[in-house]
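Novice: Contents are mmCIF, C-alpha atoms; file name run.cif:
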```cif
data_model
#
loop_
_atom_site.label_atom_id
_atom_site.label_comp_id
_atom_site.auth_asym_id
_atom_site.auth_seq_id
_atom_site.Cartn_x
_atom_site.Cartn_y
_atom_site.Cartn_z
CA MET A 555 -41.30 107.96 -179.10
CA TYR A 556 -42.68 111.40 -178.21
CA ASP A 557 -41.06 113.81 -180.64
CA TYR A 558 -41.46 117.53 -179.82
CA GLY A 559 -39.15 118.83 -182.51
CA THR A 560 -36.20 120.18 -180.51
CA PHE A 561 -36.37 117.34 -177.97
CA SER A 562 -37.94 113.93 -177.52
CA PHE A 563 -38.69 111.27 -174.90
CA ASP A 564 -39.22 107.56 -175.20
CA SER A 565 -42.01 107.39 -172.60
CA LYS A 566 -43.95 109.17 -169.90
CA ALA A 567 -42.05 107.15 -167.30
CA GLU A 568 -38.79 108.58 -168.65
CA VAL A 569 -40.13 112.12 -168.31
CA LEU A 570 -41.15 111.54 -164.68
CA GLU A 571 -37.79 109.99 -163.81
CA GLN A 572 -35.76 112.74 -165.47
CA SER A 573 -38.05 115.37 -163.94
CA LYS A 574 -37.06 114.09 -160.51
CA THR A 575 -33.41 113.96 -161.51
CA PHE A 576 -32.97 117.30 -163.26
CA TRP A 577 -35.94 119.53 -162.37
CA ASN A 578 -37.95 119.31 -159.14
CA PRO A 579 -37.91 116.00 -157.27
CA GLY A 580 -40.19 117.20 -154.48
CA LYS A 581 -42.97 118.50 -156.70
CA THR A 582 -42.78 115.58 -159.13
CA GLN A 583 -43.00 112.99 -156.36
CA PHE A 584 -45.80 114.91 -154.61
CA TRP A 585 -48.11 114.57 -157.60
CA ILE A 586 -47.23 110.92 -158.10
CA ASP A 587 -48.06 110.25 -154.45
CA GLU A 588 -51.33 112.18 -154.81
CA GLY A 589 -52.42 109.88 -157.62
CA VAL A 590 -52.14 112.65 -160.22
CA ASP A 591 -49.35 111.48 -162.53
CA LEU A 592 -50.16 114.20 -165.05
CA VAL A 593 -47.60 115.12 -167.71
CA ILE A 594 -49.31 117.54 -170.05
CA ASP A 595 -48.85 116.78 -173.72
CA ARG A 596 -51.21 118.30 -176.28
CA ARG A 597 -53.46 121.17 -175.20
CA GLN A 598 -56.15 123.18 -176.98
CA ASP A 599 -59.04 125.41 -175.89
CA TYR A 600 -60.15 124.13 -172.46
CA TYR A 601 -58.72 120.64 -172.90
CA LEU A 602 -55.47 119.01 -171.80
CA TRP A 603 -54.12 115.63 -172.88
CA ASP A 604 -51.79 113.63 -170.68
CA MET A 605 -48.91 111.80 -172.38
CA SER A 606 -50.90 108.60 -171.81
CA GLY A 607 -53.71 110.03 -173.97
CA ARG A 608 -56.10 110.87 -171.11
CA ARG A 609 -58.17 113.97 -171.95
CA LEU A 610 -58.96 116.44 -169.18
CA ILE A 611 -61.21 119.49 -169.09
CA ASP A 612 -59.06 122.21 -167.52
CA MET A 613 -60.82 123.80 -164.56
CA HIS A 614 -57.61 124.93 -162.94
CA LEU A 615 -56.30 127.12 -165.77
CA ASN A 616 -53.02 127.58 -163.88
CA GLY A 617 -54.61 130.25 -161.72
CA GLY A 618 -56.41 131.90 -164.62
CA THR A 619 -53.47 131.94 -167.03
CA TYR A 620 -55.68 130.13 -169.55
CA SER A 621 -58.90 132.07 -169.00
CA LEU A 622 -59.19 132.37 -172.79
CA GLY A 623 -58.32 128.70 -173.23
CA HIS A 624 -55.09 127.02 -174.20
CA ARG A 625 -53.50 128.35 -177.36
CA ASN A 626 -56.39 130.71 -178.01
CA PRO A 627 -56.32 131.09 -181.82
CA GLU A 628 -56.61 134.89 -181.78
CA VAL A 629 -53.74 135.24 -179.29
CA VAL A 630 -51.65 132.67 -181.16
CA GLN A 631 -52.19 134.55 -184.42
CA ALA A 632 -51.31 137.89 -182.83
CA VAL A 633 -48.08 136.53 -181.32
CA ASN A 634 -47.12 134.64 -184.49
CA GLU A 635 -47.61 137.75 -186.61
CA ALA A 636 -45.68 139.80 -184.06
CA THR A 637 -42.62 137.54 -184.39
CA GLU A 638 -42.25 138.90 -187.91
CA TYR A 639 -41.45 142.29 -186.37
CA PHE A 640 -40.84 142.05 -182.60
CA ASP A 641 -38.72 140.10 -180.15
CA ILE A 642 -38.10 140.74 -176.43
CA GLY A 643 -37.19 144.35 -177.08
CA ASN A 644 -34.67 146.48 -175.18
CA HIS A 645 -35.79 147.45 -171.70
CA HIS A 646 -33.73 150.65 -171.66
CA PHE A 647 -35.61 152.47 -174.43
CA PRO A 648 -39.13 153.66 -175.21
CA SER A 649 -41.04 150.88 -176.93
CA VAL A 650 -44.03 150.98 -179.25
CA ALA A 651 -45.37 147.70 -177.82
CA ARG A 652 -44.90 148.60 -174.12
CA THR A 653 -46.43 152.00 -174.69
CA ALA A 654 -49.42 150.57 -176.54
CA LEU A 655 -50.19 147.99 -173.82
CA ALA A 656 -49.64 150.53 -171.03
CA GLN A 657 -52.16 152.90 -172.61
CA ARG A 658 -54.74 150.13 -172.89
CA LEU A 659 -54.20 148.98 -169.30
CA VAL A 660 -54.64 152.52 -167.98
CA GLU A 661 -57.78 152.96 -170.06
CA SER A 662 -59.19 149.69 -168.68
CA ALA A 663 -58.60 150.64 -165.05
CA PRO A 664 -60.20 152.99 -162.50
CA ALA A 665 -59.40 156.68 -162.88
CA SER A 666 -56.77 156.50 -160.12
CA ILE A 667 -54.41 154.52 -162.38
CA THR A 668 -52.13 156.55 -164.67
CA LYS A 669 -48.88 154.62 -165.25
CA VAL A 670 -47.67 151.04 -165.79
CA ALA A 671 -44.48 149.22 -164.78
CA TYR A 672 -43.85 145.74 -166.19
CA GLY A 673 -42.64 142.42 -164.82
CA THR A 674 -42.28 138.87 -166.07
CA GLY A 675 -44.23 137.09 -163.33
CA GLY A 676 -46.80 138.00 -160.69
CA GLY A 677 -44.22 137.99 -157.90
CA GLU A 678 -42.05 140.53 -159.71
CA ALA A 679 -45.07 142.77 -160.30
CA ILE A 680 -45.89 142.55 -156.57
CA ASP A 681 -42.29 143.49 -155.80
CA ILE A 682 -42.68 146.55 -158.02
CA ALA A 683 -45.92 147.45 -156.23
CA ILE A 684 -44.30 147.19 -152.79
CA LYS A 685 -41.26 149.21 -153.85
CA SER A 686 -43.54 151.84 -155.38
CA ALA A 687 -45.56 152.13 -152.17
CA ARG A 688 -42.43 152.40 -150.05
CA HIS A 689 -41.06 155.15 -152.26
CA ALA A 690 -44.32 157.08 -152.18
CA THR A 691 -44.87 156.89 -148.42
CA LYS A 692 -41.25 156.68 -147.20
CA SER A 693 -42.44 153.84 -144.94
CA ARG A 694 -41.36 150.19 -145.07
CA LYS A 695 -44.18 148.21 -143.44
CA ILE A 696 -46.54 146.15 -145.60
CA VAL A 697 -49.82 144.77 -144.25
CA SER A 698 -51.40 141.68 -145.78
CA ILE A 699 -53.82 139.05 -144.52
CA VAL A 700 -53.15 135.79 -142.72
CA LYS A 701 -52.87 133.00 -145.32
CA ALA A 702 -52.05 135.55 -148.01
CA TYR A 703 -50.27 134.54 -151.19
CA HIS A 704 -48.67 137.07 -153.50
CA GLY A 705 -45.87 135.16 -155.24
CA HIS A 706 -42.43 133.79 -154.53
CA THR A 707 -39.96 136.58 -155.29
CA GLY A 708 -38.08 138.44 -152.56
CA LEU A 709 -40.64 140.96 -151.31
CA ALA A 710 -43.73 139.10 -152.52
CA VAL A 711 -42.91 135.91 -150.61
CA ALA A 712 -42.29 137.89 -147.41
CA SER A 713 -45.82 139.29 -147.63
CA GLY A 714 -47.42 135.83 -147.82
CA ASP A 715 -47.91 132.76 -145.69
CA ASP A 716 -45.01 131.41 -143.61
CA ARG A 717 -45.26 128.15 -145.59
CA PHE A 718 -43.38 129.86 -148.42
CA ALA A 719 -41.43 132.53 -146.51
CA LYS A 720 -39.65 130.68 -143.70
CA ILE A 721 -37.95 128.10 -145.91
CA PHE A 722 -35.95 130.92 -147.54
CA LEU A 723 -35.56 132.96 -144.32
CA SER A 724 -37.82 135.62 -145.80
CA ASP A 725 -40.21 136.05 -142.86
CA ARG A 726 -39.71 139.61 -141.63
CA PRO A 727 -42.29 140.43 -138.93
CA ASP A 728 -40.82 143.90 -138.46
CA GLU A 729 -41.62 144.86 -142.07
CA PHE A 730 -44.43 142.49 -143.09
CA VAL A 731 -47.46 142.31 -140.83
CA GLN A 732 -50.46 140.05 -141.29
CA VAL A 733 -53.99 140.48 -139.94
CA PRO A 734 -56.98 138.11 -140.13
CA PHE A 735 -59.07 138.39 -143.28
CA GLY A 736 -62.29 140.27 -142.66
CA ASP A 737 -61.22 141.77 -139.32
CA ILE A 738 -61.42 145.51 -139.87
CA ASP A 739 -60.58 146.30 -136.22
CA ALA A 740 -57.31 144.39 -136.51
CA MET A 741 -56.59 146.26 -139.74
CA GLU A 742 -57.12 149.64 -138.07
CA ARG A 743 -54.94 148.73 -135.09
CA VAL A 744 -52.00 148.14 -137.44
CA LEU A 745 -52.67 151.12 -139.72
CA SER A 746 -53.27 153.59 -136.90
CA ALA A 747 -49.54 153.85 -136.21
CA SER A 748 -49.28 155.68 -139.57
CA ASP A 749 -46.08 153.80 -140.43
CA VAL A 750 -47.51 151.48 -143.09
CA ALA A 751 -46.53 151.84 -146.73
CA ALA A 752 -49.42 149.81 -148.10
CA VAL A 753 -52.12 147.26 -147.53
CA LEU A 754 -51.60 144.45 -150.03
CA MET A 755 -54.83 142.55 -150.65
CA GLU A 756 -56.07 139.98 -153.14
CA THR A 757 -59.61 141.08 -153.91
CA ILE A 758 -60.57 137.42 -153.36
CA PRO A 759 -57.70 135.44 -151.76
CA ALA A 760 -57.09 132.56 -154.19
CA THR A 761 -54.58 130.24 -152.52
CA TYR A 762 -56.57 130.60 -149.28
CA GLY A 763 -59.58 129.05 -151.04
CA PHE A 764 -61.44 132.12 -152.35
CA PRO A 765 -63.09 133.32 -149.13
CA LEU A 766 -65.32 136.20 -150.17
CA PRO A 767 -64.70 139.52 -148.43
CA PRO A 768 -67.42 140.39 -145.89
CA PRO A 769 -69.72 143.18 -147.08
CA GLY A 770 -68.00 146.53 -146.69
CA TYR A 771 -64.63 145.07 -145.64
CA LEU A 772 -62.57 146.11 -148.64
CA GLU A 773 -64.27 149.51 -148.76
CA ALA A 774 -63.50 150.09 -145.07
CA THR A 775 -59.90 148.98 -145.57
CA LYS A 776 -59.46 151.47 -148.42
CA ALA A 777 -60.90 154.22 -146.22
CA LEU A 778 -58.43 153.35 -143.47
CA THR A 779 -55.48 153.55 -145.86
CA GLU A 780 -56.59 157.07 -146.79
CA LYS A 781 -57.11 158.02 -143.14
CA TYR A 782 -53.65 156.87 -142.07
CA GLY A 783 -51.62 157.75 -145.17
CA SER A 784 -51.03 154.29 -146.63
CA LEU A 785 -51.56 153.00 -150.17
CA TYR A 786 -53.98 150.28 -151.24
CA ILE A 787 -52.55 147.58 -153.52
CA ALA A 788 -55.17 145.39 -155.21
CA ASP A 789 -53.66 142.06 -156.24
CA GLU A 790 -55.80 141.11 -159.25
CA VAL A 791 -53.48 138.45 -160.66
CA GLN A 792 -56.21 135.80 -160.31
CA THR A 793 -59.37 137.93 -160.12
CA GLY A 794 -58.81 140.45 -162.92
CA LEU A 795 -59.46 140.35 -166.65
CA MET A 796 -63.24 139.78 -166.50
CA ARG A 797 -63.17 136.73 -164.22
CA THR A 798 -65.75 138.31 -161.89
CA GLY A 799 -67.79 139.78 -164.75
CA GLU A 800 -65.91 143.08 -164.55
CA MET A 801 -62.48 143.80 -165.98
CA TRP A 802 -61.08 144.33 -162.47
CA ALA A 803 -62.87 142.78 -159.49
CA ILE A 804 -61.99 145.69 -157.23
CA THR A 805 -64.29 148.00 -159.21
CA LYS A 806 -67.28 145.95 -158.02
CA HIS A 807 -66.53 147.46 -154.60
CA GLY A 808 -66.39 151.02 -155.90
CA ILE A 809 -62.70 151.24 -154.97
CA GLU A 810 -60.03 153.14 -156.88
CA PRO A 811 -56.79 151.52 -155.69
CA ASP A 812 -53.40 153.18 -155.66
CA ILE A 813 -51.93 150.13 -157.40
CA ILE A 814 -53.43 147.19 -159.31
CA VAL A 815 -51.28 144.15 -160.03
CA THR A 816 -52.16 141.96 -163.00
CA GLY A 817 -50.54 138.89 -164.49
CA LYS A 818 -51.25 135.26 -165.41
CA GLY A 819 -54.15 135.70 -167.85
CA LEU A 820 -52.70 138.92 -169.27
CA SER A 821 -50.28 136.68 -171.15
CA GLY A 822 -53.10 134.91 -172.96
CA GLY A 823 -51.20 131.83 -171.85
CA MET A 824 -48.73 132.43 -174.67
CA TYR A 825 -45.97 134.80 -173.55
CA PRO A 826 -44.98 136.02 -170.04
CA ILE A 827 -46.19 139.51 -169.17
CA THR A 828 -47.27 141.08 -165.87
CA ALA A 829 -47.79 144.65 -164.73
CA ALA A 830 -48.11 146.92 -161.74
CA MET A 831 -50.59 149.64 -162.66
CA LEU A 832 -49.78 152.75 -160.65
CA SER A 833 -51.47 155.95 -159.51
CA ASP A 834 -49.67 159.27 -159.82
CA ARG A 835 -48.54 158.99 -156.19
CA ALA A 836 -47.42 155.38 -156.49
CA GLY A 837 -45.62 156.10 -159.76
CA GLN A 838 -43.60 159.09 -158.56
CA TRP A 839 -40.36 157.12 -158.83
CA LEU A 840 -40.83 156.85 -162.60
CA ASP A 841 -40.26 160.60 -162.82
CA GLU A 842 -37.53 160.70 -160.20
CA ASP A 843 -35.45 157.82 -161.57
CA GLY A 844 -36.90 155.80 -164.42
CA PHE A 845 -34.02 153.31 -164.09
CA ALA A 846 -34.87 152.51 -160.44
CA HIS A 847 -36.44 149.20 -161.42
CA ILE A 848 -34.92 147.31 -164.35
CA SER A 849 -36.21 144.03 -165.75
CA THR A 850 -34.62 142.78 -168.96
CA PHE A 851 -37.63 140.64 -169.85
CA GLY A 852 -40.26 142.74 -168.07
CA GLY A 853 -42.65 144.08 -170.68
CA ALA A 854 -41.21 141.83 -173.38
CA GLU A 855 -42.64 143.15 -176.63
CA LEU A 856 -44.10 139.81 -177.74
CA GLY A 857 -45.77 139.60 -174.33
CA CYS A 858 -47.18 143.08 -174.81
CA VAL A 859 -48.79 141.96 -178.07
CA ALA A 860 -50.32 138.97 -176.26
CA GLY A 861 -51.55 141.33 -173.54
CA ILE A 862 -53.12 143.75 -175.99
CA LYS A 863 -55.04 140.96 -177.70
CA THR A 864 -56.07 139.45 -174.35
CA LEU A 865 -57.40 142.79 -173.12
CA GLU A 866 -59.28 143.33 -176.36
CA ILE A 867 -60.95 139.90 -176.21
CA SER A 868 -61.74 140.18 -172.51
CA SER A 869 -63.36 143.60 -172.92
CA ARG A 870 -65.81 142.58 -175.66
CA PRO A 871 -69.45 143.02 -174.59
CA GLU A 872 -70.28 139.49 -175.69
CA VAL A 873 -67.51 138.09 -173.46
CA ARG A 874 -68.86 139.99 -170.45
CA SER A 875 -72.28 138.49 -171.19
CA THR A 876 -70.74 135.03 -171.54
CA VAL A 877 -69.05 135.31 -168.15
CA HIS A 878 -72.37 136.19 -166.50
CA TYR A 879 -74.05 133.29 -168.30
CA ILE A 880 -71.34 130.81 -167.26
CA SER A 881 -71.47 132.13 -163.70
CA ASP A 882 -75.24 131.63 -163.46
CA LEU A 883 -75.06 128.19 -165.05
CA PHE A 884 -72.47 126.98 -162.55
CA ALA A 885 -74.23 128.65 -159.62
CA HIS A 886 -77.41 126.68 -160.31
CA GLY A 887 -75.57 123.43 -161.06
CA LEU A 888 -73.36 123.66 -157.99
CA ARG A 889 -76.32 124.34 -155.69
CA ARG A 890 -78.04 121.27 -157.10
CA ILE A 891 -75.00 119.08 -156.45
CA GLN A 892 -74.61 120.56 -152.98
CA SER A 893 -78.25 119.89 -152.12
CA ASP A 894 -77.67 116.22 -152.93
CA ASN A 895 -74.56 116.08 -150.72
CA PRO A 896 -75.22 118.62 -147.94
CA ASP A 897 -73.12 116.99 -145.20
CA TRP A 898 -70.05 116.66 -147.43
CA PHE A 899 -70.23 119.55 -149.91
CA VAL A 900 -70.74 122.34 -147.38
CA GLY A 901 -69.91 125.61 -149.13
CA ILE A 902 -69.85 127.46 -152.44
CA ARG A 903 -67.73 130.61 -152.67
CA GLN A 904 -68.44 132.37 -155.94
CA ASN A 905 -67.97 135.71 -157.61
CA GLY A 906 -68.36 135.32 -161.36
CA VAL A 907 -66.17 132.43 -162.45
CA VAL A 908 -63.95 132.76 -159.38
CA ILE A 909 -65.21 129.77 -157.41
CA GLY A 910 -64.14 127.77 -154.36
CA LEU A 911 -65.91 124.56 -153.31
CA GLU A 912 -65.72 123.72 -149.59
CA PHE A 913 -65.86 120.18 -148.20
CA ASP A 914 -66.34 118.84 -144.69
CA HIS A 915 -62.91 117.29 -144.26
CA PRO A 916 -59.50 118.83 -143.47
CA GLU A 917 -58.25 117.72 -146.90
CA GLY A 918 -61.59 117.24 -148.61
CA ALA A 919 -60.56 119.03 -151.79
CA LYS A 920 -57.72 116.56 -152.33
CA PHE A 921 -60.19 113.70 -152.45
CA VAL A 922 -62.42 115.58 -154.88
CA MET A 923 -59.41 116.55 -157.00
CA ARG A 924 -58.37 112.88 -157.35
CA GLU A 925 -61.88 111.77 -158.28
CA LEU A 926 -62.24 114.58 -160.80
CA TYR A 927 -58.92 113.57 -162.32
CA GLU A 928 -60.21 110.03 -162.75
CA ASN A 929 -63.40 111.49 -164.29
CA GLY A 930 -61.63 113.68 -166.85
CA VAL A 931 -61.54 117.08 -165.12
CA TRP A 932 -58.51 118.89 -163.72
CA ALA A 933 -59.07 121.19 -160.72
CA ILE A 934 -56.71 121.73 -157.80
CA PHE A 935 -57.01 121.98 -154.02
CA SER A 936 -56.25 125.25 -152.26
CA THR A 937 -52.71 125.02 -150.92
CA LEU A 938 -53.43 127.04 -147.76
CA ASP A 939 -56.85 125.49 -147.09
CA PRO A 940 -57.11 121.96 -148.54
CA ARG A 941 -60.77 121.78 -147.57
CA VAL A 942 -61.47 124.01 -150.57
CA LEU A 943 -61.24 123.08 -154.24
CA GLN A 944 -60.20 125.86 -156.60
CA PHE A 945 -62.80 125.62 -159.37
CA LYS A 946 -62.01 128.01 -162.21
CA PRO A 947 -64.12 127.98 -165.37
CA GLY A 948 -62.70 129.77 -168.40
CA ILE A 949 -64.43 132.93 -169.55
CA LEU A 950 -65.17 131.54 -173.03
CA LEU A 951 -66.54 128.13 -172.01
CA SER A 952 -69.36 126.71 -174.09
CA HIS A 953 -72.68 125.63 -172.62
CA GLU A 954 -71.87 122.02 -173.54
CA ILE A 955 -68.56 121.98 -171.65
CA CYS A 956 -70.16 123.61 -168.59
CA GLU A 957 -72.84 120.91 -168.46
CA ASP A 958 -70.24 118.20 -169.04
CA VAL A 959 -68.13 119.48 -166.14
CA LEU A 960 -71.13 119.60 -163.81
CA ASP A 961 -72.05 116.01 -164.67
CA ARG A 962 -68.51 114.85 -163.96
CA LEU A 963 -68.33 116.91 -160.77
CA ASP A 964 -71.56 115.32 -159.53
CA VAL A 965 -70.01 111.87 -159.85
CA ALA A 966 -66.69 112.96 -158.36
CA VAL A 967 -68.22 114.62 -155.29
CA ARG A 968 -70.11 111.46 -154.36
CA SER A 969 -67.10 109.22 -155.00
CA ALA A 970 -64.82 111.53 -153.00
CA GLU A 971 -67.08 111.42 -149.95
CA LYS A 972 -66.95 107.63 -149.99
CA ALA A 973 -63.15 107.65 -150.43
CA ALA A 974 -62.72 110.12 -147.57
CA ARG A 975 -64.73 107.89 -145.25
CA GLU A 976 -62.73 104.80 -146.18
CA ARG A 977 -59.20 106.13 -145.80
CA ARG A 978 -57.27 108.84 -144.10
CA PRO A 979 -55.83 111.64 -146.26
CA SER A 980 -52.26 111.36 -147.41
#
```
Can the structure from this file be put into structure tokens for me?
Specialist:
Amino acid sequence: MYDYGTFSFDSKAEVLEQSKTFWNPGKTQFWIDEGVDLVIDRRQDYYLWDMSGRRLIDMHLNGGTYSLGHRNPEVVQAVNEATEYFDIGNHHFPSVARTALAQRLVESAPASITKVAYGTGGGEAIDIAIKSARHATKSRKIVSIVKAYHGHTGLAVASGDDRFAKIFLSDRPDEFVQVPFGDIDAMERVLSASDVAAVLMETIPATYGFPLPPPGYLEATKALTEKYGSLYIADEVQTGLMRTGEMWAITKHGIEPDIIVTGKGLSGGMYPITAAMLSDRAGQWLDEDGFAHISTFGGAELGCVAGIKTLEISSRPEVRSTVHYISDLFAHGLRRIQSDNPDWFVGIRQNGVVIGLEFDHPEGAKFVMRELYENGVWAIFSTLDPRVLQFKPGILLSHEICEDVLDRLDVAVRSAEKAARERRPS
């Protein structure tokens, strides 16, 4: 019996069966077929335990949601203490918690950012960003990159890859245009019509496998938005909050965006909270009609408390130093493993602890993922480029865990190459 207080299950098999019956049959069966029958039970720091008792080091972090680790004790304490005073709050009225987090977000951001609008998930925050840009420019068109991913809500999904848009009839080529990543000429051809509301860009495209922007590309794109009257939206849902060694990755390019979108890790992994951080121009609608976007749970006050504590932890000088240390440690370890497997492990894409590992097989990352799972590490393949493993260290990892992960990765990379040679991918 697995007793979780308000509910219980007799076995892991029962959970999997009822998951297919009542929740998501496609996703549940996909992971079973992939050989990853993970049902997360206990979790703490950077460890997960499957219901079977298997312990995993979490190098996926749900896209950075758990950058501070699972159930980070400082965030847990802050949220627990907040429940003595706060709840969701009322979205219609001024709020001490929303105001406090908004002030801290603005203070953490480039000088261009002056206001904050809240959501519950990254997709909703992207929707707010797109609506804000359309209001500011009075144009409808949004430009993103081929293989983009910005969430699954109405506007966000239309700006991303067809894989997620077409199934819900959300592909709108007249309003959402995509150009190849890194192609500044293609970007200018689209922007030159001066009918684009915004360029929406992940600073490092995560679901595409973390390809790093070519030198000068993001800077040139920002210059083009200024030249042709568009806004620049920096999607920092997976790259913000010190994951590149700076609070916001876009600042490493010297760019002051019109909008920054943050989410996932802002929650501290404990309570949903996301935000679109807006410039004066992008936030004009807040003065014109503050009720134009309403989200009952957006900016939930308990989430704001989690966000305040997450920002405070992430901004500590010692945490910045730790991120640089972890980054260097993995850079050296990964190069060593790559040098031992040069024909299989063909690329390392890294900016801080934002890392993608590229393999010489159309679905190479799936093989490595399976072998890592068997070796006690959880990392996931890139959905839109399965050659690349998303490899996401937490920003508070200890030296011992880093070395442990590298040892396990070394074994998994070699085993995965052998497995890939012996069978075709599923």
Novice: Could you give me, as a ChimeraX atom specification, the residues within 9 Å of region 899-908 of chain A, counting all atoms listed in the file and dropping anything in the same chain fewer than 5 positions from it?
Specialist: /A:758,760,763-766,792-793,796-800,803,877-878,880-882,884-885,888-889,891-894,913-914,942,944-949,967,971
Novice: Could you write out as a list in words the residues that the PyMOL selection byres ((chain A and resi 928) around 10) matches in the shown file?
Specialist: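 Selected by the PyMOL selection byres ((chain A and resi 928) around 10) in this file: Gly589, Val590, Arg608, Leu610, Val922, Met923, Arg924, Glu925, Leu926, Tyr927, Asn929, Gly930, Val931, Trp932, Arg962 and Ala966 of chain A.
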Novice: Considering only C-alpha atoms, can you say which of A:Ile934, A:Ile955, A:Leu911, A:Val859 comes closest to Met824 (chain A)?
Specialist: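 Of A:Ile934, A:Ile955, A:Leu911, A:Val859, the one nearest Met824 (chain A) is A:Val859, counting only C-alpha atoms.
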Novice: Please evaluate the PyMOL selection byres ((chain A and resi 772) around 12) against the displayed coordinates and give the resulting residues as a PyMOL selection string.
Specialist: chain A and resi 699+735-738+741+753-758+766-771+773-779+786-788+803-811
Novice: Produce a file of the selected residues containing C-alpha atoms, as an mmCIF file, in the frame of the given file.
Specialist:
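File written: selection.cif
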```cif
data_model
loop_
_atom_site.group_PDB
_atom_site.id
_atom_site.type_symbol
_atom_site.label_atom_id
_atom_site.label_comp_id
_atom_site.auth_asym_id
_atom_site.auth_seq_id
_atom_site.Cartn_x
_atom_site.Cartn_y
_atom_site.Cartn_z
ATOM 1 C CA ILE A 699 -53.820 139.050 -144.520
ATOM 2 C CA PHE A 735 -59.070 138.390 -143.280
ATOM 3 C CA GLY A 736 -62.290 140.270 -142.660
ATOM 4 C CA ASP A 737 -61.220 141.770 -139.320
ATOM 5 C CA ILE A 738 -61.420 145.510 -139.870
ATOM 6 C CA MET A 741 -56.590 146.260 -139.740
ATOM 7 C CA VAL A 753 -52.120 147.260 -147.530
ATOM 8 C CA LEU A 754 -51.600 144.450 -150.030
ATOM 9 C CA MET A 755 -54.830 142.550 -150.650
ATOM 10 C CA GLU A 756 -56.070 139.980 -153.140
ATOM 11 C CA THR A 757 -59.610 141.080 -153.910
ATOM 12 C CA ILE A 758 -60.570 137.420 -153.360
ATOM 13 C CA LEU A 766 -65.320 136.200 -150.170
ATOM 14 C CA PRO A 767 -64.700 139.520 -148.430
ATOM 15 C CA PRO A 768 -67.420 140.390 -145.890
ATOM 16 C CA PRO A 769 -69.720 143.180 -147.080
ATOM 17 C CA GLY A 770 -68.000 146.530 -146.690
ATOM 18 C CA TYR A 771 -64.630 145.070 -145.640
ATOM 19 C CA GLU A 773 -64.270 149.510 -148.760
ATOM 20 C CA ALA A 774 -63.500 150.090 -145.070
ATOM 21 C CA THR A 775 -59.900 148.980 -145.570
ATOM 22 C CA LYS A 776 -59.460 151.470 -148.420
ATOM 23 C CA ALA A 777 -60.900 154.220 -146.220
ATOM 24 C CA LEU A 778 -58.430 153.350 -143.470
ATOM 25 C CA THR A 779 -55.480 153.550 -145.860
ATOM 26 C CA TYR A 786 -53.980 150.280 -151.240
ATOM 27 C CA ILE A 787 -52.550 147.580 -153.520
ATOM 28 C CA ALA A 788 -55.170 145.390 -155.210
ATOM 29 C CA ALA A 803 -62.870 142.780 -159.490
ATOM 30 C CA ILE A 804 -61.990 145.690 -157.230
ATOM 31 C CA THR A 805 -64.290 148.000 -159.210
ATOM 32 C CA LYS A 806 -67.280 145.950 -158.020
ATOM 33 C CA HIS A 807 -66.530 147.460 -154.600
ATOM 34 C CA GLY A 808 -66.390 151.020 -155.900
ATOM 35 C CA ILE A 809 -62.700 151.240 -154.970
ATOM 36 C CA GLU A 810 -60.030 153.140 -156.880
ATOM 37 C CA PRO A 811 -56.790 151.520 -155.690
#
```
Novice: What does the PyMOL selection byres ((chain A and resi 864-867) around 8) select in this file, as a PyMOL selection string?
Specialist: chain A and resi 622+629+658-659+795+819-822+860-863+868-870+873
Novice: Could you list, as an MDAnalysis selection string, every residue within 10 Å of Ser666 (chain A), counting all atoms listed in the file and ignoring same-chain residues fewer than 5 positions away?
Specialist: chainID A and resid 660 809:814 831:835
Novice: Between A:Asp739, A:Glu635, A:Asp841, A:Asp557, which has the minimum distance to His689 (chain A) (counting all atoms listed in the file)?
Specialist: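 Going through A:Asp739, A:Glu635, A:Asp841, A:Asp557 one by one, the smallest distance to His689 (chain A) is for A:Asp841.
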Novice: Just the number, please: distance in Å from CA of Glu628 (chain A) to CA of Val791 (chain A), one decimal.
Specialist: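 A separation of 21.6 Å between them.
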Novice: Quick one: everything within 9 Å of Asn644 (chain A), counting all atoms listed in the file, minus sequence neighbours fewer than 4 positions away in the same chain. Send it as a PDB file with C-alpha atoms, in the frame of the given file.
Specialist:
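Full text of part-v6.pdb as output:
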```
ATOM      1  CA  PRO A 648     -39.130 153.660-175.210  1.00  0.00           C
ATOM      2  CA  SER A 649     -41.040 150.880-176.930  1.00  0.00           C
ATOM      3  CA  THR A 850     -34.620 142.780-168.960  1.00  0.00           C
ATOM      4  CA  PHE A 851     -37.630 140.640-169.850  1.00  0.00           C
ATOM      5  CA  ALA A 854     -41.210 141.830-173.380  1.00  0.00           C
ATOM      6  CA  GLU A 855     -42.640 143.150-176.630  1.00  0.00           C
TER       7      GLU A 855
END
```
Novice: So which one's closest to Asn626 (chain A), A:His847, A:Tyr601, A:Arg743, A:Gly580? Using all atoms listed in the file, please.
Specialist: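 That would be A:Tyr601, the residue with the smallest distance to Asn626 (chain A).
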Novice: What does the structure give for the distance between CA of Phe584 (chain A) and CA of His704 (chain A), in Å to one decimal?
Specialist: 22.4 Å
Novice: In Å to one decimal, how far is CA of Phe935 (chain A) from CA of Lys920 (chain A)?
Specialist: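 CA of Lys920 (chain A) sits 5.7 Å away from CA of Phe935 (chain A).
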Novice: Quick one: of A:Leu883, A:Asp595, A:Pro579, A:Glu729, who's nearest to Ser562 (chain A), counting all atoms listed in the file?
Specialist: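 The closest residue to Ser562 (chain A) is A:Asp595.
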Novice: So which one's closest to Leu615 (chain A), A:Ala919, A:Leu602, A:Leu856, A:Ile696? Using all atoms listed in the file, please.
Specialist: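 Closest residue, counting all atoms listed in the file: A:Leu602.
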